[in-house]
$ cat target_33.cif   # mmCIF, N, CA and C atoms
data_my_file
loop_
_atom_site.label_atom_id
_atom_site.label_comp_id
_atom_site.auth_asym_id
_atom_site.auth_seq_id
_atom_site.Cartn_x
_atom_site.Cartn_y
_atom_site.Cartn_z
N MET A 164 -11.54 -9.66 -7.85
CA MET A 164 -11.37 -10.65 -6.82
C MET A 164 -12.31 -11.83 -7.08
N LYS A 165 -13.51 -11.52 -7.56
CA LYS A 165 -14.51 -12.57 -7.77
C LYS A 165 -14.03 -13.60 -8.79
N SER A 166 -13.45 -13.13 -9.90
CA SER A 166 -13.00 -14.07 -10.93
C SER A 166 -11.77 -14.86 -10.48
N MET A 167 -10.95 -14.25 -9.62
CA MET A 167 -9.76 -14.95 -9.12
C MET A 167 -10.12 -16.08 -8.18
N THR A 168 -11.26 -15.97 -7.50
CA THR A 168 -11.62 -16.96 -6.48
C THR A 168 -12.78 -17.85 -6.92
N LYS A 169 -12.98 -17.99 -8.22
CA LYS A 169 -14.03 -18.88 -8.74
C LYS A 169 -13.74 -20.32 -8.33
N SER A 170 -14.78 -21.08 -8.17
CA SER A 170 -14.65 -22.49 -7.81
C SER A 170 -14.04 -23.27 -8.97
N ALA A 171 -13.25 -24.29 -8.63
CA ALA A 171 -12.64 -25.15 -9.65
C ALA A 171 -13.38 -26.48 -9.77
N LYS A 172 -14.56 -26.61 -9.16
CA LYS A 172 -15.28 -27.88 -9.14
C LYS A 172 -15.67 -28.37 -10.52
N GLY A 173 -16.04 -27.47 -11.41
CA GLY A 173 -16.45 -27.88 -12.75
C GLY A 173 -17.86 -28.44 -12.75
N THR A 174 -18.13 -29.30 -13.73
CA THR A 174 -19.46 -29.91 -13.86
C THR A 174 -19.30 -31.42 -13.92
N VAL A 175 -20.42 -32.14 -14.02
CA VAL A 175 -20.37 -33.60 -14.12
C VAL A 175 -19.66 -34.01 -15.40
N GLU A 176 -19.95 -33.30 -16.49
CA GLU A 176 -19.33 -33.64 -17.78
C GLU A 176 -17.84 -33.30 -17.81
N THR A 177 -17.48 -32.17 -17.24
CA THR A 177 -16.07 -31.74 -17.22
C THR A 177 -15.67 -31.40 -15.78
N PRO A 178 -15.25 -32.43 -15.03
CA PRO A 178 -14.88 -32.18 -13.64
C PRO A 178 -13.63 -31.29 -13.55
N GLY A 179 -13.55 -30.55 -12.47
CA GLY A 179 -12.41 -29.65 -12.27
C GLY A 179 -11.15 -30.40 -11.88
N LYS A 180 -10.03 -29.72 -12.01
CA LYS A 180 -8.73 -30.31 -11.64
C LYS A 180 -8.18 -29.54 -10.44
N ASN A 181 -7.50 -30.24 -9.55
CA ASN A 181 -6.86 -29.64 -8.39
C ASN A 181 -7.83 -28.80 -7.56
N VAL A 182 -9.03 -29.34 -7.34
CA VAL A 182 -10.08 -28.60 -6.64
C VAL A 182 -9.65 -28.24 -5.22
N ARG A 183 -9.05 -29.18 -4.52
CA ARG A 183 -8.63 -28.93 -3.14
C ARG A 183 -7.56 -27.83 -3.07
N ALA A 184 -6.59 -27.88 -3.98
CA ALA A 184 -5.55 -26.85 -4.01
C ALA A 184 -6.14 -25.48 -4.32
N LYS A 185 -7.08 -25.45 -5.25
CA LYS A 185 -7.72 -24.19 -5.62
C LYS A 185 -8.51 -23.62 -4.45
N ALA A 186 -9.18 -24.49 -3.68
CA ALA A 186 -9.94 -24.04 -2.52
C ALA A 186 -9.01 -23.40 -1.49
N GLY A 187 -7.85 -24.01 -1.27
CA GLY A 187 -6.87 -23.45 -0.34
C GLY A 187 -6.34 -22.11 -0.82
N LEU A 188 -6.07 -22.02 -2.11
CA LEU A 188 -5.60 -20.76 -2.69
C LEU A 188 -6.67 -19.68 -2.52
N ASN A 189 -7.92 -20.03 -2.77
CA ASN A 189 -9.01 -19.07 -2.62
C ASN A 189 -9.09 -18.54 -1.19
N ARG A 190 -8.95 -19.43 -0.20
CA ARG A 190 -8.97 -18.99 1.20
C ARG A 190 -7.84 -18.01 1.46
N GLY A 191 -6.67 -18.32 0.94
CA GLY A 191 -5.52 -17.43 1.13
C GLY A 191 -5.73 -16.06 0.51
N ILE A 192 -6.29 -16.04 -0.69
CA ILE A 192 -6.55 -14.77 -1.37
C ILE A 192 -7.57 -13.95 -0.60
N LEU A 193 -8.66 -14.59 -0.20
CA LEU A 193 -9.73 -13.87 0.49
C LEU A 193 -9.34 -13.43 1.90
N ASP A 194 -8.38 -14.13 2.53
CA ASP A 194 -7.92 -13.72 3.86
C ASP A 194 -6.92 -12.57 3.79
N ASN A 195 -6.41 -12.27 2.60
CA ASN A 195 -5.36 -11.27 2.46
C ASN A 195 -5.75 -10.20 1.45
N THR A 196 -6.93 -9.66 1.58
CA THR A 196 -7.38 -8.61 0.67
C THR A 196 -6.70 -7.30 1.03
N PRO A 197 -6.59 -6.36 0.09
CA PRO A 197 -5.98 -5.06 0.41
C PRO A 197 -6.66 -4.36 1.59
N GLY A 198 -7.98 -4.46 1.68
CA GLY A 198 -8.68 -3.83 2.79
C GLY A 198 -8.31 -4.44 4.13
N GLU A 199 -8.14 -5.76 4.16
CA GLU A 199 -7.74 -6.43 5.40
C GLU A 199 -6.31 -6.06 5.78
N ARG A 200 -5.41 -5.98 4.79
CA ARG A 200 -4.04 -5.55 5.08
C ARG A 200 -4.02 -4.15 5.66
N ARG A 201 -4.81 -3.25 5.06
CA ARG A 201 -4.89 -1.86 5.53
C ARG A 201 -5.43 -1.83 6.96
N ARG A 202 -6.48 -2.60 7.24
CA ARG A 202 -7.06 -2.64 8.58
C ARG A 202 -6.03 -3.11 9.61
N GLN A 203 -5.28 -4.15 9.26
CA GLN A 203 -4.25 -4.67 10.16
C GLN A 203 -3.14 -3.64 10.40
N LEU A 204 -2.72 -2.95 9.34
CA LEU A 204 -1.69 -1.92 9.50
C LEU A 204 -2.17 -0.79 10.40
N GLU A 205 -3.42 -0.36 10.22
CA GLU A 205 -3.97 0.70 11.06
C GLU A 205 -4.03 0.25 12.52
N TYR A 206 -4.43 -0.99 12.74
CA TYR A 206 -4.49 -1.53 14.10
C TYR A 206 -3.10 -1.56 14.74
N LYS A 207 -2.12 -2.07 14.01
CA LYS A 207 -0.77 -2.20 14.57
C LYS A 207 -0.13 -0.83 14.83
N THR A 208 -0.37 0.15 13.95
CA THR A 208 0.22 1.47 14.18
C THR A 208 -0.40 2.12 15.41
N ARG A 209 -1.70 1.93 15.62
CA ARG A 209 -2.33 2.46 16.84
C ARG A 209 -1.78 1.75 18.07
N LEU A 210 -1.63 0.45 17.97
CA LEU A 210 -1.16 -0.36 19.09
C LEU A 210 0.23 0.08 19.56
N TYR A 211 1.11 0.37 18.61
CA TYR A 211 2.49 0.72 18.95
C TYR A 211 2.76 2.22 18.92
N GLY A 212 1.71 3.04 18.76
CA GLY A 212 1.89 4.49 18.80
C GLY A 212 2.63 5.03 17.60
N SER A 213 2.54 4.34 16.50
CA SER A 213 3.21 4.75 15.27
C SER A 213 2.22 5.50 14.38
N VAL A 214 2.65 5.86 13.20
CA VAL A 214 1.80 6.59 12.26
C VAL A 214 1.78 5.85 10.94
N LEU A 215 0.60 5.70 10.38
CA LEU A 215 0.44 5.10 9.06
C LEU A 215 0.12 6.22 8.08
N ILE A 216 0.94 6.36 7.07
CA ILE A 216 0.71 7.38 6.06
C ILE A 216 0.40 6.66 4.76
N ALA A 217 -0.82 6.81 4.28
CA ALA A 217 -1.23 6.18 3.03
C ALA A 217 -0.87 7.10 1.88
N VAL A 218 -0.20 6.55 0.89
CA VAL A 218 0.23 7.34 -0.26
C VAL A 218 -0.48 6.82 -1.50
N PRO A 219 -1.13 7.70 -2.25
CA PRO A 219 -1.77 7.25 -3.49
C PRO A 219 -0.70 6.68 -4.44
N PRO A 220 -0.91 5.47 -4.95
CA PRO A 220 0.12 4.84 -5.77
C PRO A 220 0.20 5.36 -7.20
N PHE A 221 -0.71 6.24 -7.60
CA PHE A 221 -0.77 6.71 -8.98
C PHE A 221 0.57 7.29 -9.43
N ARG A 222 1.12 6.73 -10.50
CA ARG A 222 2.36 7.15 -11.17
C ARG A 222 3.64 6.97 -10.36
N THR A 223 3.61 6.24 -9.24
CA THR A 223 4.86 6.04 -8.50
C THR A 223 5.85 5.22 -9.31
N SER A 224 5.36 4.33 -10.16
CA SER A 224 6.28 3.50 -10.95
C SER A 224 6.81 4.25 -12.17
N ASN A 225 6.25 5.41 -12.49
CA ASN A 225 6.72 6.20 -13.64
C ASN A 225 7.46 7.46 -13.23
N THR A 226 7.58 7.72 -11.94
CA THR A 226 8.20 8.95 -11.45
C THR A 226 9.64 8.67 -11.04
N CYS A 227 10.55 9.54 -11.47
CA CYS A 227 11.97 9.38 -11.18
C CYS A 227 12.22 9.56 -9.69
N GLY A 228 12.98 8.64 -9.10
CA GLY A 228 13.32 8.70 -7.68
C GLY A 228 14.49 9.62 -7.37
N ASN A 229 15.11 10.20 -8.39
CA ASN A 229 16.19 11.15 -8.19
C ASN A 229 15.59 12.44 -7.63
N PRO A 230 15.98 12.86 -6.39
CA PRO A 230 15.37 14.05 -5.79
C PRO A 230 15.54 15.31 -6.63
N ALA A 231 16.59 15.38 -7.43
CA ALA A 231 16.81 16.56 -8.26
C ALA A 231 15.95 16.56 -9.51
N CYS A 232 15.31 15.44 -9.82
CA CYS A 232 14.54 15.33 -11.06
C CYS A 232 13.04 15.24 -10.78
N GLY A 233 12.56 14.08 -10.36
CA GLY A 233 11.14 13.90 -10.07
C GLY A 233 10.25 13.88 -11.30
N ASN A 234 10.84 13.72 -12.48
CA ASN A 234 10.06 13.70 -13.72
C ASN A 234 9.19 12.44 -13.78
N ALA A 235 7.94 12.61 -14.21
CA ALA A 235 7.02 11.48 -14.36
C ALA A 235 6.75 11.26 -15.84
N ASP A 236 7.22 10.13 -16.35
CA ASP A 236 7.04 9.84 -17.77
C ASP A 236 6.90 8.33 -17.96
N PRO A 237 5.79 7.88 -18.55
CA PRO A 237 5.60 6.44 -18.78
C PRO A 237 6.69 5.82 -19.64
N GLU A 238 7.36 6.61 -20.44
CA GLU A 238 8.44 6.09 -21.30
C GLU A 238 9.62 5.58 -20.48
N SER A 239 9.73 6.01 -19.23
CA SER A 239 10.81 5.55 -18.36
C SER A 239 10.65 4.09 -17.97
N ARG A 240 9.45 3.53 -18.18
CA ARG A 240 9.18 2.14 -17.83
C ARG A 240 8.65 1.37 -19.03
N LEU A 241 9.21 1.54 -20.19
CA LEU A 241 8.75 0.81 -21.37
C LEU A 241 8.98 -0.68 -21.17
N GLY A 242 8.03 -1.46 -21.58
CA GLY A 242 8.12 -2.90 -21.40
C GLY A 242 7.80 -3.27 -19.97
N CYS A 243 7.94 -4.54 -19.65
CA CYS A 243 7.63 -4.97 -18.28
C CYS A 243 8.90 -5.45 -17.60
N GLY A 244 10.03 -4.84 -17.93
CA GLY A 244 11.30 -5.22 -17.32
C GLY A 244 11.44 -4.67 -15.92
N ARG A 245 12.49 -5.04 -15.25
CA ARG A 245 12.74 -4.63 -13.87
C ARG A 245 13.48 -3.31 -13.79
N LEU A 246 13.88 -2.74 -14.90
CA LEU A 246 14.71 -1.54 -14.90
C LEU A 246 13.88 -0.28 -15.09
N PHE A 247 14.18 0.74 -14.28
CA PHE A 247 13.61 2.07 -14.47
C PHE A 247 14.74 2.93 -15.01
N ARG A 248 14.52 3.60 -16.11
CA ARG A 248 15.51 4.52 -16.68
C ARG A 248 14.80 5.83 -17.02
N CYS A 249 15.13 6.90 -16.28
CA CYS A 249 14.47 8.19 -16.47
C CYS A 249 14.88 8.77 -17.82
N VAL A 250 13.88 9.15 -18.61
CA VAL A 250 14.16 9.73 -19.93
C VAL A 250 14.60 11.18 -19.81
N HIS A 251 14.42 11.78 -18.65
CA HIS A 251 14.78 13.18 -18.45
C HIS A 251 16.21 13.35 -17.95
N CYS A 252 16.58 12.61 -16.87
CA CYS A 252 17.92 12.79 -16.28
C CYS A 252 18.83 11.58 -16.45
N GLY A 253 18.31 10.43 -16.91
CA GLY A 253 19.13 9.25 -17.12
C GLY A 253 19.29 8.37 -15.88
N HIS A 254 18.66 8.72 -14.76
CA HIS A 254 18.74 7.94 -13.52
C HIS A 254 18.27 6.50 -13.79
N GLU A 255 19.05 5.51 -13.33
CA GLU A 255 18.69 4.10 -13.48
C GLU A 255 18.60 3.44 -12.12
N ASP A 256 17.61 2.58 -11.96
CA ASP A 256 17.42 1.87 -10.70
C ASP A 256 16.48 0.69 -10.96
N ASP A 257 16.43 -0.24 -10.00
CA ASP A 257 15.42 -1.29 -10.05
C ASP A 257 14.06 -0.60 -9.95
N ALA A 258 13.10 -1.04 -10.74
CA ALA A 258 11.80 -0.38 -10.82
C ALA A 258 11.09 -0.33 -9.47
N ASP A 259 11.10 -1.42 -8.72
CA ASP A 259 10.44 -1.44 -7.41
C ASP A 259 11.15 -0.53 -6.41
N HIS A 260 12.47 -0.54 -6.43
CA HIS A 260 13.23 0.33 -5.52
C HIS A 260 12.97 1.80 -5.85
N ASN A 261 12.96 2.13 -7.13
CA ASN A 261 12.69 3.50 -7.54
C ASN A 261 11.30 3.95 -7.08
N ALA A 262 10.30 3.07 -7.24
CA ALA A 262 8.93 3.41 -6.81
C ALA A 262 8.88 3.59 -5.29
N SER A 263 9.63 2.77 -4.54
CA SER A 263 9.62 2.90 -3.08
C SER A 263 10.23 4.23 -2.64
N ILE A 264 11.23 4.71 -3.37
CA ILE A 264 11.82 6.02 -3.07
C ILE A 264 10.78 7.11 -3.28
N GLU A 265 10.03 7.03 -4.36
CA GLU A 265 8.98 8.01 -4.64
C GLU A 265 7.86 7.94 -3.60
N ILE A 266 7.49 6.74 -3.16
CA ILE A 266 6.46 6.59 -2.14
C ILE A 266 6.92 7.23 -0.82
N GLU A 267 8.17 6.99 -0.44
CA GLU A 267 8.69 7.60 0.79
C GLU A 267 8.72 9.12 0.67
N ALA A 268 9.13 9.64 -0.48
CA ALA A 268 9.17 11.10 -0.67
C ALA A 268 7.77 11.69 -0.57
N ARG A 269 6.78 11.02 -1.14
CA ARG A 269 5.40 11.51 -1.05
C ARG A 269 4.92 11.49 0.40
N ALA A 270 5.27 10.44 1.13
CA ALA A 270 4.86 10.35 2.54
C ALA A 270 5.47 11.49 3.34
N ARG A 271 6.73 11.80 3.10
CA ARG A 271 7.39 12.90 3.82
C ARG A 271 6.76 14.25 3.47
N ARG A 272 6.34 14.41 2.23
CA ARG A 272 5.72 15.68 1.81
C ARG A 272 4.36 15.90 2.45
N THR A 273 3.71 14.85 2.95
CA THR A 273 2.39 15.03 3.57
C THR A 273 2.50 15.67 4.94
N GLY A 274 3.69 15.76 5.51
CA GLY A 274 3.88 16.41 6.79
C GLY A 274 3.37 15.62 7.98
N GLY A 275 3.45 14.30 7.93
CA GLY A 275 3.03 13.48 9.06
C GLY A 275 1.53 13.42 9.22
N THR A 276 0.81 13.42 8.13
CA THR A 276 -0.64 13.36 8.18
C THR A 276 -1.11 11.95 7.91
N VAL A 277 -2.01 11.48 8.74
CA VAL A 277 -2.59 10.16 8.53
C VAL A 277 -3.69 10.34 7.51
N THR A 278 -3.59 9.60 6.41
CA THR A 278 -4.51 9.80 5.30
C THR A 278 -5.31 8.54 5.06
N ASN A 279 -6.59 8.70 4.79
CA ASN A 279 -7.38 7.57 4.29
C ASN A 279 -8.21 8.06 3.13
N SER A 280 -9.05 7.21 2.61
CA SER A 280 -9.75 7.55 1.38
C SER A 280 -10.78 8.66 1.55
N THR A 281 -11.19 8.98 2.78
CA THR A 281 -12.24 9.98 2.94
C THR A 281 -11.75 11.30 3.52
N ARG A 282 -10.67 11.28 4.29
CA ARG A 282 -10.22 12.52 4.90
C ARG A 282 -8.78 12.40 5.37
N SER A 283 -8.16 13.53 5.69
CA SER A 283 -6.83 13.56 6.27
C SER A 283 -6.94 14.23 7.63
N VAL A 284 -6.42 13.58 8.65
CA VAL A 284 -6.46 14.16 9.99
C VAL A 284 -5.08 14.03 10.63
N PRO A 285 -4.65 15.03 11.41
CA PRO A 285 -3.36 14.90 12.09
C PRO A 285 -3.38 13.75 13.09
N GLN A 286 -2.26 13.12 13.29
CA GLN A 286 -2.15 12.05 14.28
C GLN A 286 -2.22 12.68 15.65
N THR A 287 -3.25 12.39 16.44
CA THR A 287 -3.42 13.01 17.76
C THR A 287 -3.47 11.99 18.87
N ARG A 288 -3.16 10.75 18.59
CA ARG A 288 -3.23 9.74 19.64
C ARG A 288 -1.83 9.21 19.92
N VAL A 289 -1.58 8.97 21.19
CA VAL A 289 -0.30 8.41 21.61
C VAL A 289 -0.58 7.18 22.45
N PRO A 290 0.38 6.25 22.54
CA PRO A 290 0.12 5.06 23.34
C PRO A 290 0.07 5.39 24.83
N ALA A 291 -0.87 4.79 25.52
CA ALA A 291 -0.94 4.91 26.98
C ALA A 291 -0.12 3.77 27.57
N THR A 292 -0.10 3.67 28.88
CA THR A 292 0.63 2.56 29.48
C THR A 292 -0.08 1.26 29.16
N GLY A 293 0.65 0.24 28.90
CA GLY A 293 0.06 -1.05 28.55
C GLY A 293 -0.19 -1.13 27.05
N ARG A 294 -0.20 -2.33 26.54
CA ARG A 294 -0.40 -2.52 25.11
C ARG A 294 -1.87 -2.41 24.76
N GLY A 295 -2.15 -1.75 23.65
CA GLY A 295 -3.49 -1.73 23.11
C GLY A 295 -4.38 -0.62 23.62
N ARG A 296 -3.97 0.10 24.67
CA ARG A 296 -4.81 1.19 25.15
C ARG A 296 -4.29 2.50 24.59
N MET A 297 -5.21 3.38 24.23
CA MET A 297 -4.83 4.67 23.65
C MET A 297 -5.39 5.78 24.51
N ARG A 298 -4.71 6.92 24.51
CA ARG A 298 -5.25 8.11 25.16
C ARG A 298 -4.99 9.29 24.23
N GLU A 299 -5.74 10.34 24.42
CA GLU A 299 -5.57 11.53 23.59
C GLU A 299 -4.25 12.20 23.92
N ALA A 300 -3.58 12.72 22.90
CA ALA A 300 -2.34 13.45 23.09
C ALA A 300 -2.67 14.83 23.66
N PRO A 301 -1.78 15.41 24.49
CA PRO A 301 -2.03 16.75 24.98
C PRO A 301 -2.00 17.74 23.82
N GLY A 302 -2.80 18.77 23.91
CA GLY A 302 -2.82 19.77 22.85
C GLY A 302 -4.23 20.20 22.58
N PRO A 303 -4.41 20.97 21.50
CA PRO A 303 -5.75 21.48 21.19
C PRO A 303 -6.72 20.34 20.89
N ALA A 304 -7.96 20.56 21.25
CA ALA A 304 -9.00 19.55 21.01
C ALA A 304 -9.23 19.40 19.52
N HIS A 305 -9.53 18.19 19.11
CA HIS A 305 -9.78 17.90 17.69
C HIS A 305 -11.26 17.65 17.51
N ALA A 306 -11.94 18.52 16.78
CA ALA A 306 -13.38 18.36 16.54
C ALA A 306 -13.61 17.43 15.38
N SER A 307 -14.49 16.46 15.55
CA SER A 307 -14.80 15.53 14.47
C SER A 307 -16.05 15.93 13.77
#
$ encode --input "target_33.cif" --output "structure tokens"
Amino acid sequence: MKSMTKSAKGTVETPGKNVRAKAGLNRGILDNTPGERRRQLEYKTRLYGSVLIAVPPFRTSNTCGNPACGNADPESRLGCGRLFRCVHCGHEDDADHNASIEIEARARRTGGTVTNSTRSVPQTRVPATGRGRMREAPGPAHAS
């Protein structure tokens, strides 16, 4: 992130080009970091009583989206083209669509668990009356 948001001002000898445009781009990049997106998603899911399931992205672009196959092979994505072609079963799809199928399948396999980088805990909060307020769901107490 640091190298992407370097200043374009330059020096006295070699002044920068499009400094104002670069400054605006830098603001946009820094306002939309992955951590900020994650924080906003967590906030919105709590607000609307939904569930956010974080799925590790490792190998989703190399795993076949065909439910009968599920083979993970980097050879299925040779080159940087848009096509995914499974070397095991021959399944073809747009690479992004295929990865989204695998991400959804992984989310379903977690069994409705809210996952973050440090722990996995069952979703135990439901929306109360009014927007933005939360109350504990009925059921066994959850020890933290």
$ resolve_selection --input "target_33.cif" --expression "the PyMOL selection byres (((chain A and resi 251 and name CA) around 10) and name CA)" --output "ChimeraX atom specification"
/A:227,232-236,238-239,248-250,252-254
$ closest_residue --input "target_33.cif" --among "A:Glu267, A:Asp259, A:Glu199, A:Asp194" --to "Pro230 (chain A)" --atoms "only C-alpha atoms"
A:Glu267
$ residues_around --input "target_33.cif" --residues "Arg245 (chain A)" --least-positions-apart "3" --cutoff "12 Å" --atoms "only C-alpha atoms" --output "list in words"
Ser224, Ser239, Arg240, Leu241, Gly242, Arg248, Glu255, Asp256, Asp257, Ala258, Asp259, His260, Asn261 and Ala262 of chain A
$ atom_distance --input "target_33.cif" --atom1 "CA of Pro220 (chain A)" --atom2 "CA of Ala270 (chain A)"
11.0 Å
$ atom_distance --input "target_33.cif" --atom1 "CA of Cys243 (chain A)" --atom2 "atom C of Pro219 (chain A)"
19.9 Å
$ atom_distance --input "target_33.cif" --atom1 "CA of Arg271 (chain A)" --atom2 "atom N of Ala217 (chain A)"
10.2 Å
$ residues_around --input "target_33.cif" --residues "Val218 (chain A)" --least-positions-apart "3" --cutoff "7 Å" --atoms "all atoms listed in the file" --output "number ranges by chain"
A: 221, 266, 269-270, 278
